[in-house]
Amino acid sequence: MAMVTMQKKYIAFFLGIAAFLLIILFTDLEPGKPEVTITMAVAALMAIWWVTETIPLAVTALIPLVLFPAFGVLDGRAVSEVYMNHIIFVYVGGFMMALAMERWGLHRRIALKLL
């Protein structure tokens, strides 16, 4: 059973890479702007890996951080500014507080107090 799952993950992994390469090599979505085609190829790669969960979702979400500067779509600073937005840190802080509340049972105490 585990072997079938690993085989499916390998197939999905290489399917994502194949889609990425096929889009880059054989399509030109907007002549004169290769960044558009590369962005579409990265989106297809991410979509396939995200849906099939070939690699962890958090790692899949970081693919543009590596591929966009490598292919010249955006520079590293522009891509990292999007990932390091202050709103993202507000969400991360909220999730960390929620996990801490759940760990110590505070969420139940608050709910019971409200009832």
# chains A, B, ... in the order shown; residues from 1 in each chain; ligands from 1
>>> closest_atom_pairs(of="region 68-102 of chain A", to="region 27-48 of chain A", cutoff="8 Å", atoms="only C-alpha atoms", output="Markdown table")
| residue | atom | partner | partner_atom | distance |
| --- | --- | --- | --- | --- |
| A:Phe68 | CA | A:Thr39 | CA | 7.7 |
| A:Phe71 | CA | A:Ile38 | CA | 7.5 |
| A:Gly72 | CA | A:Glu35 | CA | 7.4 |
| A:Val73 | CA | A:Glu35 | CA | 5.1 |
>>> write_last_selection(atoms="C-alpha atoms", output="short mmCIF file (atom, residue, chain, number, x, y, z; two decimals), in the first residue's frame")
data_model
loop_
_atom_site.label_atom_id
_atom_site.label_comp_id
_atom_site.auth_asym_id
_atom_site.auth_seq_id
_atom_site.Cartn_x
_atom_site.Cartn_y
_atom_site.Cartn_z
CA PHE A 68 11.22 33.81 -9.95
CA PHE A 71 14.39 32.87 -14.22
CA GLY A 72 14.45 36.66 -14.02
CA VAL A 73 10.73 37.19 -13.48
#
>>> residues_around(residues="region 10-12 of chain A", least_positions_apart="4", cutoff="9 Å", atoms="only C-alpha atoms", output="NGL selection string")
:A and (5-6 or 16-17 or 48-49 or 52-54)
>>> write_last_selection(atoms="C-alpha atoms", output="tab-separated table (two decimals), in the first residue's frame")
chain	number	residue	atom	x	y	z
A	5	THR	CA	1.42	5.93	-2.58
A	6	MET	CA	5.12	6.57	-3.18
A	16	GLY	CA	4.68	18.78	-12.41
A	17	ILE	CA	8.20	19.15	-13.77
A	48	ILE	CA	0.02	20.09	-9.69
A	49	TRP	CA	2.21	19.68	-6.63
A	52	THR	CA	-1.34	16.00	-5.35
A	53	GLU	CA	0.58	16.99	-2.19
A	54	THR	CA	3.76	15.58	-3.71
>>> select_by_dssp(residues="region 12-52 of chain A", states="alpha helix (DSSP H)", output="PyMOL selection string")
chain A and resi 12-26+34-52
>>> write_last_selection(atoms="N, CA and C atoms", output="CSV table (one decimal), in the first residue's frame")
chain,number,residue,atom,x,y,z
A,12,ALA,N,3.4,12.2,-9.8
A,12,ALA,CA,3.0,13.6,-9.7
A,12,ALA,C,4.1,14.6,-9.7
A,13,PHE,N,5.2,14.2,-9.0
A,13,PHE,CA,6.4,15.0,-9.0
A,13,PHE,C,6.9,15.3,-10.4
A,14,PHE,N,7.1,14.2,-11.2
A,14,PHE,CA,7.6,14.3,-12.5
A,14,PHE,C,6.6,14.9,-13.5
A,15,LEU,N,5.3,14.7,-13.2
A,15,LEU,CA,4.3,15.4,-14.0
A,15,LEU,C,4.3,16.9,-13.9
A,16,GLY,N,4.6,17.3,-12.6
A,16,GLY,CA,4.7,18.8,-12.4
A,16,GLY,C,5.9,19.4,-13.1
A,17,ILE,N,7.0,18.7,-13.1
A,17,ILE,CA,8.2,19.1,-13.8
A,17,ILE,C,8.0,19.1,-15.3
A,18,ALA,N,7.3,18.1,-15.8
A,18,ALA,CA,7.1,18.0,-17.2
A,18,ALA,C,6.1,19.1,-17.7
A,19,ALA,N,5.1,19.4,-16.9
A,19,ALA,CA,4.2,20.5,-17.3
A,19,ALA,C,5.0,21.8,-17.3
A,20,PHE,N,5.8,22.0,-16.3
A,20,PHE,CA,6.7,23.2,-16.2
A,20,PHE,C,7.5,23.4,-17.4
A,21,LEU,N,8.2,22.3,-17.8
A,21,LEU,CA,9.1,22.4,-19.0
A,21,LEU,C,8.3,22.5,-20.3
A,22,LEU,N,7.2,21.8,-20.4
A,22,LEU,CA,6.4,21.9,-21.6
A,22,LEU,C,5.9,23.3,-21.8
A,23,ILE,N,5.5,24.0,-20.8
A,23,ILE,CA,5.0,25.3,-20.9
A,23,ILE,C,6.1,26.3,-21.3
A,24,ILE,N,7.2,26.1,-20.6
A,24,ILE,CA,8.4,27.0,-20.9
A,24,ILE,C,8.9,26.8,-22.4
A,25,LEU,N,9.0,25.6,-22.8
A,25,LEU,CA,9.6,25.3,-24.1
A,25,LEU,C,8.7,25.5,-25.3
A,26,PHE,N,7.4,25.2,-25.1
A,26,PHE,CA,6.5,25.2,-26.3
A,26,PHE,C,5.4,26.2,-26.3
A,34,PRO,N,8.8,37.1,-21.8
A,34,PRO,CA,8.9,35.7,-21.4
A,34,PRO,C,8.5,35.5,-19.9
A,35,GLU,N,8.5,36.6,-19.2
A,35,GLU,CA,8.1,36.5,-17.7
A,35,GLU,C,6.7,35.9,-17.6
A,36,VAL,N,5.8,36.3,-18.5
A,36,VAL,CA,4.4,35.8,-18.4
A,36,VAL,C,4.4,34.3,-18.6
A,37,THR,N,5.1,33.7,-19.5
A,37,THR,CA,5.1,32.3,-19.7
A,37,THR,C,5.8,31.6,-18.6
A,38,ILE,N,6.9,32.1,-18.0
A,38,ILE,CA,7.5,31.5,-16.9
A,38,ILE,C,6.6,31.5,-15.7
A,39,THR,N,5.9,32.6,-15.5
A,39,THR,CA,5.0,32.7,-14.3
A,39,THR,C,3.9,31.6,-14.5
A,40,MET,N,3.4,31.4,-15.7
A,40,MET,CA,2.4,30.4,-15.9
A,40,MET,C,2.9,29.0,-15.6
A,41,ALA,N,4.2,28.8,-16.1
A,41,ALA,CA,4.8,27.5,-15.8
A,41,ALA,C,5.0,27.2,-14.3
A,42,VAL,N,5.4,28.2,-13.6
A,42,VAL,CA,5.5,28.1,-12.1
A,42,VAL,C,4.2,27.8,-11.5
A,43,ALA,N,3.1,28.5,-12.0
A,43,ALA,CA,1.8,28.3,-11.4
A,43,ALA,C,1.3,26.9,-11.7
A,44,ALA,N,1.6,26.4,-12.9
A,44,ALA,CA,1.2,25.0,-13.2
A,44,ALA,C,1.9,24.0,-12.4
A,45,LEU,N,3.2,24.2,-12.2
A,45,LEU,CA,4.0,23.3,-11.3
A,45,LEU,C,3.4,23.3,-9.9
A,46,MET,N,3.2,24.5,-9.4
A,46,MET,CA,2.7,24.6,-8.0
A,46,MET,C,1.3,24.0,-7.9
A,47,ALA,N,0.4,24.2,-8.9
A,47,ALA,CA,-0.9,23.7,-8.8
A,47,ALA,C,-0.9,22.1,-8.8
A,48,ILE,N,-0.1,21.5,-9.7
A,48,ILE,CA,0.0,20.1,-9.7
A,48,ILE,C,0.6,19.6,-8.4
A,49,TRP,N,1.6,20.2,-7.9
A,49,TRP,CA,2.2,19.7,-6.6
A,49,TRP,C,1.3,20.0,-5.4
A,50,TRP,N,0.6,21.1,-5.5
A,50,TRP,CA,-0.3,21.4,-4.4
A,50,TRP,C,-1.5,20.4,-4.3
A,51,VAL,N,-2.1,20.1,-5.5
A,51,VAL,CA,-3.3,19.3,-5.5
A,51,VAL,C,-2.9,17.8,-5.1
A,52,THR,N,-1.8,17.4,-5.6
A,52,THR,CA,-1.3,16.0,-5.4
A,52,THR,C,-0.6,15.9,-4.0
>>> atom_distance(atom1="CA of Ile88 (chain A)", atom2="CA of Arg109 (chain A)")
28.1 Å
>>> closest_residue(among="A:Leu114, A:Val79, A:Met97, A:Leu74", to="Leu62 (chain A)", atoms="only C-alpha atoms")
A:Val79
>>> atom_distance(atom1="CA of Leu57 (chain A)", atom2="CA of His107 (chain A)")
27.0 Å
